[in-house]
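For reference, the structure is listed below as structure tokens.
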Amino acid sequence: MKKLKGINLAIAILSGILILIFGFGYTQINNNKIAKNTYIKDVNVSDLSKEEAKKKILTECKIDKITFVYDDKKWEINPDDIDTSYDLDKTIENAYNVNRNKNIFLNIIGTLKSNFGFENHINLLVDCDESKVISQLEKISKDINIEKENAKLNIENSKIEVSDDKAGIEVDINSTLSNLKKSLQDGRFEESLVVTKVEPEIKKEDLQDVNTLLGSYQTVLSDISPGRVENIKIATERTSGVLLMPGEEFSYNNHTGLRTVKNGYKNATVIVSGEAVQGVGGGVCQVSTTLYNAVLYAGLDIVKISNHSIPSTYVDKGRDATVSDGGIDFIFKNNYNQPVYIQNYYYNGVITCQIYGNIGDKQNIKISTNIDKVTKAETKKEKDSTLEKGKEKILERGRDSYTVSTYRTYYDKNGAEVKTEKVATSFYPSKQQVMAIGTKKEEKPSKEESDSPSSDSSNDNFSKNDNSSKVENNNEENINSDNNNSNENNDISTPNEEDIPEEE
């Protein structure tokens with residue numbers, strides 16, 4: 001009996017102690033003070049209110065200059081240049097909640113642990129403008145980045161040499177930014193730049209088996225306006241120096257990029273929905289057309305091809321390739337077992353596109369076209385009361401429609417035909433011609449006017465005007481005849497139709 005009483009007494013005493021301890025802990029939780037042994041950075045904020053802790057942090061923690069390091073070089077950035085500041089409110093709230101963000105039992109346990117020496121360390125949160133940090137890193141990168149160099153073909157006197165490739169280095173801006181944010185929260189203001197090695201896409205060994213010209217083509221510019229020439233230079237440069245491995249596809253649009261001012265393109269004449277207008281990127285279609293013909297002669301597979309809505313000036317019908325940012329692309333594929341190398345350039349009014357590859361893949365190819373159907377353009381007649389009766393005047397020139405098939409024929413080394421394949425069918429829609437029909441009646445002179453001397457002069461002037469009108473009518477241009485001449489592998493095409501810019 002006495003033993004039972006002793007056990008009950010012990011339980012009562014222990015319960016009392018626990019109640020006192022938990023009561024003490026509960027009281028601390030509700031006293032609006034930060035728990036004991038709580039540190040923000042290295043600053044002890046124990047038993048302080050939120051406002052007291054904020055003042056102490058502002059007094060003892062200063063934002064230093066931020067330093068980026070690479071090798072033996074350093075770059076310092078003023079914190080104000082990237083809008084660096086402490087997020088004190090959120091930091092202190094985190095410190096305040098170390099013994100308040102769980103259930104009541106765990107919160108009391110946490111409070112008691114703090115009283116017995118367990119330390120709570122809270123990161124000092126730092127805010128900065130990420131876009132401004134990136135801008136600063138981009139400036140620093142200019143001192144560090146080294147451009148990679150792809151291996152290239154150098155052709156001189158029909159001899160092909162391969163240049164060496166070189167790896168580059170560049171600052172990994174995103175990784176550096178991520179590391180900086182962690183360092184700032186840990187109170188460190190120095191960060192090593194993340195610099196990575198950049199391997200070239202084309203290495204010297206990739207070009208060792210490229211040893212001959214598979215196909216080439218040239219076109220001549222009839223419009224050498226500054227905007228158009230600049231666009232052509234950009235397009236030839238961005239589609240040149242490309243190595244296409246076996247089975248890989250080449251997308252013209254992917255290499256040229258969007259035809260926007262931001263991408264460097266200029267205003268020039270383009271064709272939109274069958275009409276010539278001013279637009280950014282005019283001229284890039286002449287490059288895609290020239291490349292298309294080089295690809296045809298090289299024997300590569302055509303994956304996607306579209307013709308213009310108006311026959312081009314620089315190639316025959318059925319030999320053009322239009323592109324646009326709206327989804328019209330020119331795509332071809334390397335169907336050989338060896339890589340092919342694309343080299344394009346512009347010089348002195350001539351675009352040259354060349355496809356190099358292995359001599360074992362060289363083909364003897366002829367390209368031909370056939371006009372399958374021609375539909376005459378309709379003529380719309382409009383009465384014109386200002387034009388004398390019986391006379392006509394062309395207001396808008398019409399254009400016949402054409403359906404054209406393009407063929408590629410392969411020959412063996414003896415000149416015997418191996419096979420002929422149909423590459424594409426092109427359709428050029430017609431455009432309605434608009435003709436003014438004169439309805440103005442001829443005014444007869446009165447009897448007195450006929451008898452007067454001045455009437456002869458009037459009649460002479462009328463006769464001259466009449467003849468002038470006829471001369472003007474007769475001088476209207478006619479639609480040029482079709483040119484279906486075939487071209488050989490190394491070809492140059494000159495303008496052969498009315499001078500109409502290409503479509504974009």
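By order of appearance in the structure tokens: chains A, B, ..., then residues from 1 within every chain, and ligands from 1 in the order shown.
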
May I have all residues of segment 110-212 of chain A that DSSP, computed from the backbone, assigns to helix (DSSP H, G or I), given as an mmCIF file with C-alpha atoms, in the first residue's frame?
data_model
loop_
_atom_site.group_PDB
_atom_site.id
_atom_site.type_symbol
_atom_site.label_atom_id
_atom_site.label_comp_id
_atom_site.auth_asym_id
_atom_site.auth_seq_id
_atom_site.Cartn_x
_atom_site.Cartn_y
_atom_site.Cartn_z
ATOM 1 C CA GLY A 110 11.304 23.454 -29.795
ATOM 2 C CA THR A 111 11.126 26.275 -27.269
ATOM 3 C CA LEU A 112 12.512 24.079 -24.513
ATOM 4 C CA LYS A 113 15.357 22.880 -26.741
ATOM 5 C CA SER A 114 16.291 26.524 -27.414
ATOM 6 C CA ASN A 115 16.348 27.183 -23.667
ATOM 7 C CA GLU A 130 17.785 39.128 -61.591
ATOM 8 C CA SER A 131 17.551 40.889 -64.943
ATOM 9 C CA LYS A 132 20.118 43.469 -63.772
ATOM 10 C CA VAL A 133 22.415 40.728 -62.464
ATOM 11 C CA ILE A 134 22.208 39.026 -65.865
ATOM 12 C CA SER A 135 23.014 42.330 -67.567
ATOM 13 C CA GLN A 136 26.119 42.730 -65.396
ATOM 14 C CA LEU A 137 27.195 39.147 -66.062
ATOM 15 C CA GLU A 138 26.791 39.671 -69.802
ATOM 16 C CA LYS A 139 29.200 42.614 -69.580
ATOM 17 C CA ILE A 140 31.702 40.529 -67.609
ATOM 18 C CA SER A 141 31.320 37.675 -70.102
ATOM 19 C CA LYS A 142 32.771 39.850 -72.853
ATOM 20 C CA ASP A 143 36.109 39.798 -70.991
ATOM 21 C CA ILE A 144 36.061 36.012 -70.677
ATOM 22 C CA ILE A 173 25.145 33.032 -66.662
ATOM 23 C CA ASN A 174 22.187 31.076 -65.277
ATOM 24 C CA SER A 175 24.337 28.833 -63.072
ATOM 25 C CA THR A 176 26.354 31.805 -61.822
ATOM 26 C CA LEU A 177 23.159 33.693 -60.959
ATOM 27 C CA SER A 178 21.782 30.698 -59.066
ATOM 28 C CA ASN A 179 24.985 30.353 -57.049
ATOM 29 C CA LEU A 180 25.045 34.072 -56.300
ATOM 30 C CA LYS A 181 21.545 34.013 -54.836
ATOM 31 C CA LYS A 182 22.531 31.183 -52.470
ATOM 32 C CA SER A 183 25.709 32.987 -51.451
ATOM 33 C CA LEU A 184 23.862 36.216 -50.707
ATOM 34 C CA GLN A 185 21.426 34.393 -48.445
ATOM 35 C CA LYS A 204 38.250 18.690 -88.501
ATOM 36 C CA GLU A 205 37.713 14.940 -88.564
ATOM 37 C CA ASP A 206 34.072 15.495 -89.579
ATOM 38 C CA LEU A 207 35.219 17.053 -92.849
#

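Residues in contact with segment 191-193 of chain A at up to 7 Å, not including ones fewer than 4 positions away on its chain and judged by only C-alpha atoms, are Thr67, Phe68, Val69, Tyr70, Val171, Thr176 and Leu180 of chain A.
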
Contacts of segment 381-394 of chain A at 7 Å (only C-alpha atoms; same-chain gap of 3+ positions) as a ChimeraX atom specification = /A:397,434-442,473

message = I'd like the neighbourhood of Asp80 of chain A as a ChimeraX atom specification, where a residue qualifies if any of its atoms comes within 10 Å (using only C-alpha atoms), though same-chain residues fewer than 2 positions away should be ignored.
response = /A:63,65,77-78,82-85,128-129

key: Point-to-point distance from atom CA of Tyr345 of chain A to atom CA of Glu237 of chain A, Å rounded to tenths   = 6.6 Å

message = Residues of segment 255-373 of chain A classed as strand (DSSP E or B) by DSSP on the backbone are to be reported as JSON, numbers by chain.
response = {"A": [267, 268, 269, 270, 271, 272, 275, 276, 277, 278, 279, 280, 301, 302, 303, 304, 331, 332, 333, 340, 341, 342, 343, 344, 345, 346, 347, 350, 351, 352, 353, 354, 355, 356, 357, 364, 365, 366, 367, 368, 369, 370, 371, 372, 373]}

task = Find the spatial neighbours of segment 369-371 of chain A, counting only C-alpha atoms, within a cut-off of 10 Å - ignore same-chain residues fewer than 2 positions away - and output them as a ChimeraX atom specification.
result = /A:316-319,367,373-374,402-408,422-427,482-486
